[in-house]
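Shown next: final_19.pdb, given as PDB, C-alpha atoms.
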ATOM      1  CA  THR Y   1     -52.188 -15.036  -7.143  1.00  0.00           C
ATOM      2  CA  SER Y   2     -53.728 -13.553  -4.072  1.00  0.00           C
ATOM      3  CA  ARG Y   3     -55.783 -10.445  -3.734  1.00  0.00           C
ATOM      4  CA  SER Y   4     -56.270  -8.349  -0.688  1.00  0.00           C
ATOM      5  CA  SER Y   5     -58.927  -5.795  -0.086  1.00  0.00           C
ATOM      6  CA  ILE Y   6     -59.241  -3.008   2.371  1.00  0.00           C
ATOM      7  CA  ILE Y   7     -62.434  -2.811   4.341  1.00  0.00           C
ATOM      8  CA  ARG Y   8     -63.128   0.684   5.534  1.00  0.00           C
ATOM      9  CA  HIS Y   9     -65.454   1.547   8.375  1.00  0.00           C
ATOM     10  CA  VAL Y  10     -66.919   4.998   8.048  1.00  0.00           C
ATOM     11  CA  GLY Y  11     -68.014   6.286  11.444  1.00  0.00           C
ATOM     12  CA  THR Y  12     -70.975   8.494  12.137  1.00  0.00           C
ATOM     13  CA  VAL Y  13     -70.194  12.189  12.344  1.00  0.00           C
ATOM     14  CA  ILE Y  14     -71.257  13.381  15.782  1.00  0.00           C
ATOM     15  CA  GLN Y  15     -70.392  17.059  15.388  1.00  0.00           C
ATOM     16  CA  ASP Y  16     -68.429  19.379  13.156  1.00  0.00           C
ATOM     17  CA  VAL Y  17     -67.024  22.754  14.299  1.00  0.00           C
ATOM     18  CA  ASN Y  18     -65.248  25.266  12.095  1.00  0.00           C
ATOM     19  CA  TYR Y  19     -63.398  28.553  12.323  1.00  0.00           C
ATOM     20  CA  GLN Y  20     -62.611  30.441   9.136  1.00  0.00           C
ATOM     21  CA  THR Y  21     -61.135  33.916   8.792  1.00  0.00           C
ATOM     22  CA  GLY Y  22     -59.883  36.180   6.052  1.00  0.00           C
ATOM     23  CA  ALA Y  23     -58.528  38.741   8.521  1.00  0.00           C
ATOM     24  CA  VAL Y  24     -54.888  39.687   8.153  1.00  0.00           C
ATOM     25  CA  ALA Y  25     -52.449  39.229  11.032  1.00  0.00           C
ATOM     26  CA  THR Y  26     -48.674  39.236  11.368  1.00  0.00           C
ATOM     27  CA  GLY Y  27     -46.093  37.574  13.550  1.00  0.00           C
ATOM     28  CA  THR Y  28     -42.339  37.313  13.932  1.00  0.00           C
ATOM     29  CA  THR Y  29     -41.823  34.437  16.380  1.00  0.00           C
ATOM     30  CA  LEU Y  30     -39.578  31.720  14.938  1.00  0.00           C
ATOM     31  CA  ILE Y  31     -39.922  27.944  14.805  1.00  0.00           C
ATOM     32  CA  PRO Y  32     -36.361  26.580  14.661  1.00  0.00           C
ATOM     33  CA  ASP Y  33     -35.210  24.529  11.688  1.00  0.00           C
ATOM     34  CA  ASP Y  34     -33.973  21.583  13.748  1.00  0.00           C
ATOM     35  CA  ASP Y  35     -34.877  18.061  14.866  1.00  0.00           C
ATOM     36  CA  THR Y  36     -36.987  19.005  17.896  1.00  0.00           C
ATOM     37  CA  ILE Y  37     -40.771  18.969  18.268  1.00  0.00           C
ATOM     38  CA  PRO Y  38     -42.122  22.543  18.058  1.00  0.00           C
ATOM     39  CA  THR Y  39     -43.204  23.973  21.403  1.00  0.00           C
ATOM     40  CA  ILE Y  40     -46.171  26.186  22.220  1.00  0.00           C
ATOM     41  CA  THR Y  41     -43.876  29.202  22.684  1.00  0.00           C
ATOM     42  CA  GLU Y  42     -42.528  28.911  19.125  1.00  0.00           C
ATOM     43  CA  GLY Y  43     -44.216  30.485  16.123  1.00  0.00           C
ATOM     44  CA  THR Y  44     -47.147  32.892  16.225  1.00  0.00           C
ATOM     45  CA  GLU Y  45     -50.618  31.685  17.130  1.00  0.00           C
ATOM     46  CA  PHE Y  46     -53.014  32.563  14.307  1.00  0.00           C
ATOM     47  CA  MET Y  47     -56.094  30.397  14.944  1.00  0.00           C
ATOM     48  CA  THR Y  48     -57.799  28.508  17.772  1.00  0.00           C
ATOM     49  CA  LEU Y  49     -60.908  26.364  17.917  1.00  0.00           C
ATOM     50  CA  SER Y  50     -62.550  24.537  20.813  1.00  0.00           C
ATOM     51  CA  ILE Y  51     -64.659  21.401  20.849  1.00  0.00           C
ATOM     52  CA  THR Y  52     -66.310  19.393  23.621  1.00  0.00           C
ATOM     53  CA  PRO Y  53     -66.240  15.737  22.539  1.00  0.00           C
ATOM     54  CA  THR Y  54     -69.267  13.630  23.465  1.00  0.00           C
ATOM     55  CA  SER Y  55     -67.158  10.518  24.109  1.00  0.00           C
ATOM     56  CA  ALA Y  56     -63.496  10.145  25.064  1.00  0.00           C
ATOM     57  CA  THR Y  57     -63.210   7.156  22.724  1.00  0.00           C
ATOM     58  CA  ASN Y  58     -64.488   8.994  19.669  1.00  0.00           C
ATOM     59  CA  LYS Y  59     -62.061  10.173  16.998  1.00  0.00           C
ATOM     60  CA  LEU Y  60     -61.262  13.771  16.122  1.00  0.00           C
ATOM     61  CA  LYS Y  61     -60.314  14.695  12.578  1.00  0.00           C
ATOM     62  CA  ILE Y  62     -58.660  18.113  12.495  1.00  0.00           C
ATOM     63  CA  ASP Y  63     -58.297  19.806   9.108  1.00  0.00           C
ATOM     64  CA  VAL Y  64     -56.121  22.923   8.881  1.00  0.00           C
ATOM     65  CA  VAL Y  65     -55.686  25.426   6.041  1.00  0.00           C
ATOM     66  CA  TRP Y  66     -53.086  28.190   6.538  1.00  0.00           C
ATOM     67  CA  SER Y  67     -52.787  30.937   3.881  1.00  0.00           C
ATOM     68  CA  GLY Y  68     -50.336  33.773   3.823  1.00  0.00           C
ATOM     69  CA  SER Y  69     -46.814  34.859   3.067  1.00  0.00           C
ATOM     70  CA  PRO Y  70     -44.206  33.431   5.406  1.00  0.00           C
ATOM     71  CA  PHE Y  71     -40.830  35.093   5.770  1.00  0.00           C
ATOM     72  CA  GLY Y  72     -38.019  32.740   4.919  1.00  0.00           C
ATOM     73  CA  ASN Y  73     -37.750  29.162   3.774  1.00  0.00           C
ATOM     74  CA  PRO Y  74     -38.666  26.728   4.993  1.00  0.00           C
ATOM     75  CA  PHE Y  75     -41.582  27.616   7.248  1.00  0.00           C
ATOM     76  CA  TYR Y  76     -43.648  25.511   9.620  1.00  0.00           C
ATOM     77  CA  VAL Y  77     -47.275  25.244  10.715  1.00  0.00           C
ATOM     78  CA  ALA Y  78     -47.902  23.350  13.956  1.00  0.00           C
ATOM     79  CA  LEU Y  79     -50.991  22.071  15.788  1.00  0.00           C
ATOM     80  CA  PHE Y  80     -51.199  22.215  19.583  1.00  0.00           C
ATOM     81  CA  GLN Y  81     -53.836  21.114  22.094  1.00  0.00           C
ATOM     82  CA  ASP Y  82     -54.715  23.259  25.101  1.00  0.00           C
ATOM     83  CA  ALA Y  83     -51.551  24.383  26.935  1.00  0.00           C
ATOM     84  CA  THR Y  84     -49.590  21.203  26.166  1.00  0.00           C
ATOM     85  CA  SER Y  85     -46.053  22.272  25.302  1.00  0.00           C
ATOM     86  CA  ALA Y  86     -45.292  19.832  22.455  1.00  0.00           C
ATOM     87  CA  ALA Y  87     -47.005  20.041  19.074  1.00  0.00           C
ATOM     88  CA  LEU Y  88     -49.356  17.207  18.114  1.00  0.00           C
ATOM     89  CA  THR Y  89     -48.172  17.481  14.534  1.00  0.00           C
ATOM     90  CA  ALA Y  90     -46.351  19.963  12.327  1.00  0.00           C
ATOM     91  CA  VAL Y  91     -45.742  20.416   8.620  1.00  0.00           C
ATOM     92  CA  GLN Y  92     -43.001  22.122   6.680  1.00  0.00           C
ATOM     93  CA  ASP Y  93     -43.532  23.998   3.459  1.00  0.00           C
ATOM     94  CA  ASN Y  94     -41.455  26.184   1.189  1.00  0.00           C
ATOM     95  CA  VAL Y  95     -42.566  29.188  -0.828  1.00  0.00           C
ATOM     96  CA  GLY Y  96     -39.606  29.212  -3.199  1.00  0.00           C
ATOM     97  CA  ALA Y  97     -38.710  32.805  -2.412  1.00  0.00           C
ATOM     98  CA  SER Y  98     -39.202  34.866   0.704  1.00  0.00           C
ATOM     99  CA  GLY Y  99     -42.457  36.773   0.746  1.00  0.00           C
ATOM    100  CA  TRP Y 100     -44.452  34.740  -1.758  1.00  0.00           C
ATOM    101  CA  GLN Y 101     -47.993  33.745  -0.830  1.00  0.00           C
ATOM    102  CA  ILE Y 102     -48.888  30.099  -0.236  1.00  0.00           C
ATOM    103  CA  THR Y 103     -51.656  27.906   1.127  1.00  0.00           C
ATOM    104  CA  THR Y 104     -50.617  24.937   3.248  1.00  0.00           C
ATOM    105  CA  SER Y 105     -53.042  22.317   4.516  1.00  0.00           C
ATOM    106  CA  PHE Y 106     -52.878  19.166   6.622  1.00  0.00           C
ATOM    107  CA  THR Y 107     -55.071  16.743   8.573  1.00  0.00           C
ATOM    108  CA  HIS Y 108     -54.467  15.276  12.030  1.00  0.00           C
ATOM    109  CA  TYR Y 109     -56.508  12.300  13.294  1.00  0.00           C
ATOM    110  CA  MET Y 110     -56.623  11.324  16.981  1.00  0.00           C
ATOM    111  CA  THR Y 111     -58.678   9.790  19.774  1.00  0.00           C
ATOM    112  CA  ALA Y 112     -60.555  12.513  21.677  1.00  0.00           C
ATOM    113  CA  GLY Y 113     -59.345  11.308  25.077  1.00  0.00           C
ATOM    114  CA  THR Y 114     -61.706  13.673  26.940  1.00  0.00           C
ATOM    115  CA  THR Y 115     -65.310  14.836  27.240  1.00  0.00           C
ATOM    116  CA  SER Y 116     -64.210  18.265  28.481  1.00  0.00           C
ATOM    117  CA  ALA Y 117     -63.800  21.296  26.276  1.00  0.00           C
ATOM    118  CA  THR Y 118     -60.424  21.203  24.519  1.00  0.00           C
ATOM    119  CA  THR Y 119     -58.840  23.921  22.403  1.00  0.00           C
ATOM    120  CA  PHE Y 120     -56.681  23.343  19.340  1.00  0.00           C
ATOM    121  CA  ARG Y 121     -54.161  26.019  18.376  1.00  0.00           C
ATOM    122  CA  ILE Y 122     -52.453  26.725  15.053  1.00  0.00           C
ATOM    123  CA  ARG Y 123     -49.033  28.353  15.221  1.00  0.00           C
ATOM    124  CA  GLN Y 124     -46.811  29.293  12.268  1.00  0.00           C
ATOM    125  CA  GLY Y 125     -43.229  30.419  12.041  1.00  0.00           C
ATOM    126  CA  ALA Y 126     -40.194  30.454   9.799  1.00  0.00           C
ATOM    127  CA  PHE Y 127     -36.652  29.889  11.003  1.00  0.00           C
ATOM    128  CA  THR Y 128     -35.434  33.189   9.534  1.00  0.00           C
ATOM    129  CA  THR Y 129     -36.083  36.492  11.322  1.00  0.00           C
ATOM    130  CA  GLY Y 130     -38.772  38.521   9.562  1.00  0.00           C
ATOM    131  CA  THR Y 131     -42.510  39.189   9.463  1.00  0.00           C
ATOM    132  CA  ASN Y 132     -44.933  36.394   8.531  1.00  0.00           C
ATOM    133  CA  THR Y 133     -48.277  37.567   7.146  1.00  0.00           C
ATOM    134  CA  PHE Y 134     -51.416  35.498   7.756  1.00  0.00           C
ATOM    135  CA  ASN Y 135     -54.078  35.823   5.013  1.00  0.00           C
ATOM    136  CA  GLY Y 136     -52.088  38.358   3.053  1.00  0.00           C
ATOM    137  CA  PHE Y 137     -48.772  39.599   1.766  1.00  0.00           C
ATOM    138  CA  SER Y 138     -46.247  42.054   3.229  1.00  0.00           C
ATOM    139  CA  SER Y 139     -48.458  42.771   6.292  1.00  0.00           C
ATOM    140  CA  SER Y 140     -51.474  43.604   4.088  1.00  0.00           C
ATOM    141  CA  ARG Y 141     -54.688  41.695   3.444  1.00  0.00           C
ATOM    142  CA  LYS Y 142     -55.163  40.389  -0.085  1.00  0.00           C
ATOM    143  CA  LEU Y 143     -58.258  39.441  -2.114  1.00  0.00           C
ATOM    144  CA  GLY Y 144     -60.692  41.419   0.055  1.00  0.00           C
ATOM    145  CA  GLY Y 145     -60.739  38.861   2.835  1.00  0.00           C
ATOM    146  CA  VAL Y 146     -61.840  35.862   0.755  1.00  0.00           C
ATOM    147  CA  MET Y 147     -58.352  34.339   0.888  1.00  0.00           C
ATOM    148  CA  ALA Y 148     -59.234  32.614   4.135  1.00  0.00           C
ATOM    149  CA  SER Y 149     -57.559  30.231   6.534  1.00  0.00           C
ATOM    150  CA  SER Y 150     -59.505  27.712   8.584  1.00  0.00           C
ATOM    151  CA  ILE Y 151     -59.556  24.934  11.137  1.00  0.00           C
ATOM    152  CA  THR Y 152     -62.301  22.297  11.118  1.00  0.00           C
ATOM    153  CA  ILE Y 153     -62.723  19.643  13.803  1.00  0.00           C
ATOM    154  CA  THR Y 154     -64.970  16.666  13.127  1.00  0.00           C
ATOM    155  CA  GLU Y 155     -65.916  14.266  15.924  1.00  0.00           C
ATOM    156  CA  ILE Y 156     -66.478  10.764  14.589  1.00  0.00           C
ATOM    157  CA  GLN Y 157     -68.115   7.974  16.570  1.00  0.00           C
ATOM    158  CA  ALA Y 158     -65.608   5.260  17.419  1.00  0.00           C
TER     159      ALA Y 158
END

Whole structure given in structure tokens:
Amino acid sequence: TSRSSIIRHVGTVIQDVNYQTGAVATGTTLIPDDDTIPTITEGTEFMTLSITPTSATNKLKIDVVWSGSPFGNPFYVALFQDATSAALTAVQDNVGASGWQITTSFTHYMTAGTTSATTFRIRQGAFTTGTNTFNGFSSSRKLGGVMASSITITEIQA
């Protein structure tokens, strides 16, 4: 028998930036339920966060938490960088019934590719016409603002 092992290199964290909000917001812009990459004009932008990497070869780990009540099933949350049209990544989730609250999270890992300030954008949309509520339900905030959504970017030395 043979055994294999995985050797993991844990890089040094250079910096960590975070944006967290419990503020309610709404949007109605759709993300189509099709086989195309979401574009920056689809969905509603609910969060942004900028970082200035110290090295273009370092890695960026981007953690996203989106809470709210999307209208329609399924719904999508997509990550964009700067004004680039195509999403870096996107996830689909399903609330089971229109209007239920849900928390969706995902992580995207990439090479920084720049030492200039770069902004990451979180956009959400369903493919059914209606109002999506960020950090709440039916256009109203819930749980006094402690039901929060966030984006965290960690720069890791390559």

Suppose a student applies the PyMOL selection byres ((chain Y and resi 110-126) around 8) to this structure; what residues should they get, written as a ChimeraX atom specification? /Y:27-33,40,42-61,70-82,108-109,127-129,132

Between atom CA of Asp35 of chain Y and atom CA of Gly130 of chain Y, what is the distance in Å, rounded to a tenth?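 That distance, rounded to one decimal, is 21.5 Å.
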
Find the spatial neighbours of Ala148 of chain Y, counting only C-alpha atoms, within a cut-off of 7 Å - ignore same-chain residues fewer than 6 positions away - and output them as an NGL selection string. :Y and (20-22 or 67 or 135)

With C-alpha atoms retained, export the selected residues as a PDB file, in the frame of the given file.
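Everything below was put into result38.pdb:
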ATOM      1  CA  GLN Y  20     -62.611  30.441   9.136  1.00  0.00           C
ATOM      2  CA  THR Y  21     -61.135  33.916   8.792  1.00  0.00           C
ATOM      3  CA  GLY Y  22     -59.883  36.180   6.052  1.00  0.00           C
ATOM      4  CA  SER Y  67     -52.787  30.937   3.881  1.00  0.00           C
ATOM      5  CA  ASN Y 135     -54.078  35.823   5.013  1.00  0.00           C
TER       6      ASN Y 135
END

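Counting from atom CA of Asp93 of chain Y, the distance to atom CA of Pro38 of chain Y is 14.7 Å.
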
I'd like to know which of Y:Ser69, Y:Gln92, Y:Thr84, Y:Gln15 is closest to Asp34 of chain Y, using all atoms listed in the file. Y:Gln92

If you measure from atom CA of Gly11 of chain Y to atom CA of Asp63 of chain Y, what distance in Å do you get, rounded to one decimal?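 Separation of atom CA of Gly11 of chain Y and atom CA of Asp63 of chain Y: 16.8 Å.
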
Taking the file as shown, what set of residues would the PyMOL selection byres ((chain Y and resi 138) around 12) give back, as a VMD selection string? chain Y and resid 24 to 27 68 to 71 98 to 101 130 to 137 139 to 142

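Selection by the PyMOL selection byres ((chain Y and resi 153) around 7) on the present file picks out Asp16, Val17, Asn18, Leu60, Lys61, Ile62, Asp63, Ile151, Thr152, Thr154 and Glu155 of chain Y.
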
Pick from Y:Leu143, Y:Ala83, Y:Ala90, Y:Val65: nearest to Ser105 of chain Y, with all atoms listed in the file counted?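 Smallest separation from Ser105 of chain Y among the options: Y:Val65.
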
Any chance you could turn segment 6-150 of chain Y into a file with C-alpha atoms, as a PDB file, in the first residue's frame?
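Final output, saved to result10.pdb:
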ATOM      1  CA  ILE Y   6      -0.572  16.789   1.652  1.00  0.00           C
ATOM      2  CA  ILE Y   7       1.959  19.375   2.665  1.00  0.00           C
ATOM      3  CA  ARG Y   8       0.377  22.737   3.221  1.00  0.00           C
ATOM      4  CA  HIS Y   9       2.254  26.008   3.206  1.00  0.00           C
ATOM      5  CA  VAL Y  10       0.581  28.648   5.302  1.00  0.00           C
ATOM      6  CA  GLY Y  11       1.636  32.104   4.150  1.00  0.00           C
ATOM      7  CA  THR Y  12       2.125  35.124   6.333  1.00  0.00           C
ATOM      8  CA  VAL Y  13      -0.860  37.438   6.542  1.00  0.00           C
ATOM      9  CA  ILE Y  14       0.260  40.846   5.315  1.00  0.00           C
ATOM     10  CA  GLN Y  15      -2.994  42.730   5.858  1.00  0.00           C
ATOM     11  CA  ASP Y  16      -6.657  42.114   6.505  1.00  0.00           C
ATOM     12  CA  VAL Y  17      -9.431  44.586   5.575  1.00  0.00           C
ATOM     13  CA  ASN Y  18     -13.106  44.186   6.384  1.00  0.00           C
ATOM     14  CA  TYR Y  19     -16.437  45.844   5.721  1.00  0.00           C
ATOM     15  CA  GLN Y  20     -19.458  44.760   7.728  1.00  0.00           C
ATOM     16  CA  THR Y  21     -22.917  46.314   7.755  1.00  0.00           C
ATOM     17  CA  GLY Y  22     -26.310  45.596   9.229  1.00  0.00           C
ATOM     18  CA  ALA Y  23     -27.972  48.398   7.260  1.00  0.00           C
ATOM     19  CA  VAL Y  24     -30.958  47.444   5.150  1.00  0.00           C
ATOM     20  CA  ALA Y  25     -30.991  48.090   1.404  1.00  0.00           C
ATOM     21  CA  THR Y  26     -33.128  46.912  -1.496  1.00  0.00           C
ATOM     22  CA  GLY Y  27     -32.668  46.251  -5.175  1.00  0.00           C
ATOM     23  CA  THR Y  28     -34.586  44.931  -8.156  1.00  0.00           C
ATOM     24  CA  THR Y  29     -31.934  44.397 -10.842  1.00  0.00           C
ATOM     25  CA  LEU Y  30     -31.922  40.818 -12.144  1.00  0.00           C
ATOM     26  CA  ILE Y  31     -29.114  38.336 -12.733  1.00  0.00           C
ATOM     27  CA  PRO Y  32     -30.344  36.011 -15.498  1.00  0.00           C
ATOM     28  CA  ASP Y  33     -30.735  32.297 -14.850  1.00  0.00           C
ATOM     29  CA  ASP Y  34     -28.614  31.197 -17.808  1.00  0.00           C
ATOM     30  CA  ASP Y  35     -25.169  29.899 -18.764  1.00  0.00           C
ATOM     31  CA  THR Y  36     -23.404  33.266 -19.038  1.00  0.00           C
ATOM     32  CA  ILE Y  37     -20.970  34.885 -16.607  1.00  0.00           C
ATOM     33  CA  PRO Y  38     -22.752  37.639 -14.637  1.00  0.00           C
ATOM     34  CA  THR Y  39     -21.824  41.152 -15.731  1.00  0.00           C
ATOM     35  CA  ILE Y  40     -21.288  44.258 -13.625  1.00  0.00           C
ATOM     36  CA  THR Y  41     -24.604  45.723 -14.826  1.00  0.00           C
ATOM     37  CA  GLU Y  42     -26.574  42.734 -13.502  1.00  0.00           C
ATOM     38  CA  GLY Y  43     -27.822  42.476  -9.936  1.00  0.00           C
ATOM     39  CA  THR Y  44     -27.719  45.237  -7.337  1.00  0.00           C
ATOM     40  CA  GLU Y  45     -24.444  46.300  -5.764  1.00  0.00           C
ATOM     41  CA  PHE Y  46     -24.710  45.955  -1.984  1.00  0.00           C
ATOM     42  CA  MET Y  47     -21.099  46.059  -0.747  1.00  0.00           C
ATOM     43  CA  THR Y  48     -17.665  47.253  -1.866  1.00  0.00           C
ATOM     44  CA  LEU Y  49     -14.240  47.066  -0.277  1.00  0.00           C
ATOM     45  CA  SER Y  50     -10.860  48.319  -1.470  1.00  0.00           C
ATOM     46  CA  ILE Y  51      -7.380  47.029  -0.762  1.00  0.00           C
ATOM     47  CA  THR Y  52      -3.916  48.085  -1.910  1.00  0.00           C
ATOM     48  CA  PRO Y  53      -1.804  44.918  -2.137  1.00  0.00           C
ATOM     49  CA  THR Y  54       1.845  45.229  -1.114  1.00  0.00           C
ATOM     50  CA  SER Y  55       3.016  42.782  -3.795  1.00  0.00           C
ATOM     51  CA  ALA Y  56       1.452  41.791  -7.116  1.00  0.00           C
ATOM     52  CA  THR Y  57       2.482  38.178  -6.502  1.00  0.00           C
ATOM     53  CA  ASN Y  58       0.782  37.910  -3.128  1.00  0.00           C
ATOM     54  CA  LYS Y  59      -2.526  36.076  -2.798  1.00  0.00           C
ATOM     55  CA  LEU Y  60      -5.869  37.621  -1.909  1.00  0.00           C
ATOM     56  CA  LYS Y  61      -8.448  35.602  -0.016  1.00  0.00           C
ATOM     57  CA  ILE Y  62     -11.872  37.220  -0.301  1.00  0.00           C
ATOM     58  CA  ASP Y  63     -14.580  36.034   2.092  1.00  0.00           C
ATOM     59  CA  VAL Y  64     -18.161  37.164   1.456  1.00  0.00           C
ATOM     60  CA  VAL Y  65     -21.271  36.845   3.635  1.00  0.00           C
ATOM     61  CA  TRP Y  66     -24.580  38.049   2.135  1.00  0.00           C
ATOM     62  CA  SER Y  67     -27.710  38.061   4.348  1.00  0.00           C
ATOM     63  CA  GLY Y  68     -31.193  39.011   3.337  1.00  0.00           C
ATOM     64  CA  SER Y  69     -34.355  37.944   1.601  1.00  0.00           C
ATOM     65  CA  PRO Y  70     -34.015  37.531  -2.143  1.00  0.00           C
ATOM     66  CA  PHE Y  71     -37.065  37.625  -4.376  1.00  0.00           C
ATOM     67  CA  GLY Y  72     -37.422  34.462  -6.382  1.00  0.00           C
ATOM     68  CA  ASN Y  73     -35.509  31.232  -6.689  1.00  0.00           C
ATOM     69  CA  PRO Y  74     -32.781  30.731  -7.437  1.00  0.00           C
ATOM     70  CA  PHE Y  75     -30.793  33.859  -6.641  1.00  0.00           C
ATOM     71  CA  TYR Y  76     -27.166  34.748  -7.255  1.00  0.00           C
ATOM     72  CA  VAL Y  77     -24.385  36.619  -5.469  1.00  0.00           C
ATOM     73  CA  ALA Y  78     -21.433  37.676  -7.627  1.00  0.00           C
ATOM     74  CA  LEU Y  79     -17.981  39.147  -6.956  1.00  0.00           C
ATOM     75  CA  PHE Y  80     -16.500  41.767  -9.281  1.00  0.00           C
ATOM     76  CA  GLN Y  81     -13.182  43.628  -9.337  1.00  0.00           C
ATOM     77  CA  ASP Y  82     -13.008  47.327 -10.177  1.00  0.00           C
ATOM     78  CA  ALA Y  83     -14.988  48.087 -13.361  1.00  0.00           C
ATOM     79  CA  THR Y  84     -14.223  44.739 -15.020  1.00  0.00           C
ATOM     80  CA  SER Y  85     -17.425  43.585 -16.700  1.00  0.00           C
ATOM     81  CA  ALA Y  86     -17.259  39.837 -15.954  1.00  0.00           C
ATOM     82  CA  ALA Y  87     -17.680  38.431 -12.453  1.00  0.00           C
ATOM     83  CA  LEU Y  88     -14.649  36.789 -10.840  1.00  0.00           C
ATOM     84  CA  THR Y  89     -16.926  34.226  -9.248  1.00  0.00           C
ATOM     85  CA  ALA Y  90     -20.608  33.786  -8.477  1.00  0.00           C
ATOM     86  CA  VAL Y  91     -22.716  31.473  -6.350  1.00  0.00           C
ATOM     87  CA  GLN Y  92     -26.301  30.346  -6.598  1.00  0.00           C
ATOM     88  CA  ASP Y  93     -28.539  29.720  -3.635  1.00  0.00           C
ATOM     89  CA  ASN Y  94     -32.191  28.948  -3.076  1.00  0.00           C
ATOM     90  CA  VAL Y  95     -34.411  30.067  -0.222  1.00  0.00           C
ATOM     91  CA  GLY Y  96     -37.112  27.457  -0.752  1.00  0.00           C
ATOM     92  CA  ALA Y  97     -39.871  30.034  -1.032  1.00  0.00           C
ATOM     93  CA  SER Y  98     -39.826  33.604  -2.239  1.00  0.00           C
ATOM     94  CA  GLY Y  99     -39.201  36.112   0.509  1.00  0.00           C
ATOM     95  CA  TRP Y 100     -37.540  33.877   3.084  1.00  0.00           C
ATOM     96  CA  GLN Y 101     -34.363  35.123   4.742  1.00  0.00           C
ATOM     97  CA  ILE Y 102     -31.037  33.401   4.096  1.00  0.00           C
ATOM     98  CA  THR Y 103     -27.316  33.840   4.626  1.00  0.00           C
ATOM     99  CA  THR Y 104     -25.036  32.838   1.763  1.00  0.00           C
ATOM    100  CA  SER Y 105     -21.256  32.803   2.007  1.00  0.00           C
ATOM    101  CA  PHE Y 106     -18.330  31.994  -0.269  1.00  0.00           C
ATOM    102  CA  THR Y 107     -14.565  32.445  -0.591  1.00  0.00           C
ATOM    103  CA  HIS Y 108     -12.568  33.470  -3.662  1.00  0.00           C
ATOM    104  CA  TYR Y 109      -8.769  33.052  -3.774  1.00  0.00           C
ATOM    105  CA  MET Y 110      -6.598  34.820  -6.367  1.00  0.00           C
ATOM    106  CA  THR Y 111      -3.217  36.357  -7.127  1.00  0.00           C
ATOM    107  CA  ALA Y 112      -3.275  40.100  -6.389  1.00  0.00           C
ATOM    108  CA  GLY Y 113      -1.847  41.038  -9.788  1.00  0.00           C
ATOM    109  CA  THR Y 114      -1.378  44.696  -8.767  1.00  0.00           C
ATOM    110  CA  THR Y 115       0.077  47.002  -6.123  1.00  0.00           C
ATOM    111  CA  SER Y 116      -2.513  49.686  -6.888  1.00  0.00           C
ATOM    112  CA  ALA Y 117      -5.736  50.139  -4.983  1.00  0.00           C
ATOM    113  CA  THR Y 118      -8.368  47.693  -6.241  1.00  0.00           C
ATOM    114  CA  THR Y 119     -12.039  47.558  -5.305  1.00  0.00           C
ATOM    115  CA  PHE Y 120     -14.103  44.396  -4.954  1.00  0.00           C
ATOM    116  CA  ARG Y 121     -17.862  44.629  -5.454  1.00  0.00           C
ATOM    117  CA  ILE Y 122     -20.658  42.325  -4.299  1.00  0.00           C
ATOM    118  CA  ARG Y 123     -23.785  42.255  -6.440  1.00  0.00           C
ATOM    119  CA  GLN Y 124     -26.911  40.155  -5.837  1.00  0.00           C
ATOM    120  CA  GLY Y 125     -29.935  39.434  -7.956  1.00  0.00           C
ATOM    121  CA  ALA Y 126     -32.639  36.887  -8.620  1.00  0.00           C
ATOM    122  CA  PHE Y 127     -33.901  35.972 -12.068  1.00  0.00           C
ATOM    123  CA  THR Y 128     -37.513  36.780 -11.157  1.00  0.00           C
ATOM    124  CA  THR Y 129     -38.758  40.381 -11.073  1.00  0.00           C
ATOM    125  CA  GLY Y 130     -39.250  41.599  -7.506  1.00  0.00           C
ATOM    126  CA  THR Y 131     -37.519  43.368  -4.624  1.00  0.00           C
ATOM    127  CA  ASN Y 132     -34.461  41.796  -2.970  1.00  0.00           C
ATOM    128  CA  THR Y 133     -33.815  42.927   0.605  1.00  0.00           C
ATOM    129  CA  PHE Y 134     -30.246  43.101   1.926  1.00  0.00           C
ATOM    130  CA  ASN Y 135     -29.935  42.536   5.707  1.00  0.00           C
ATOM    131  CA  GLY Y 136     -33.660  42.229   6.208  1.00  0.00           C
ATOM    132  CA  PHE Y 137     -37.013  40.999   5.007  1.00  0.00           C
ATOM    133  CA  SER Y 138     -39.688  42.648   2.846  1.00  0.00           C
ATOM    134  CA  SER Y 139     -37.692  45.922   2.567  1.00  0.00           C
ATOM    135  CA  SER Y 140     -37.317  46.175   6.367  1.00  0.00           C
ATOM    136  CA  ARG Y 141     -34.298  45.675   8.608  1.00  0.00           C
ATOM    137  CA  LYS Y 142     -34.452  42.703  10.959  1.00  0.00           C
ATOM    138  CA  LEU Y 143     -32.712  41.908  14.266  1.00  0.00           C
ATOM    139  CA  GLY Y 144     -31.811  45.531  15.043  1.00  0.00           C
ATOM    140  CA  GLY Y 145     -28.917  45.631  12.615  1.00  0.00           C
ATOM    141  CA  VAL Y 146     -26.950  42.693  14.041  1.00  0.00           C
ATOM    142  CA  MET Y 147     -27.917  40.468  11.105  1.00  0.00           C
ATOM    143  CA  ALA Y 148     -24.929  41.736   9.166  1.00  0.00           C
ATOM    144  CA  SER Y 149     -23.336  41.069   5.810  1.00  0.00           C
ATOM    145  CA  SER Y 150     -19.613  41.428   5.223  1.00  0.00           C
TER     146      SER Y 150
END
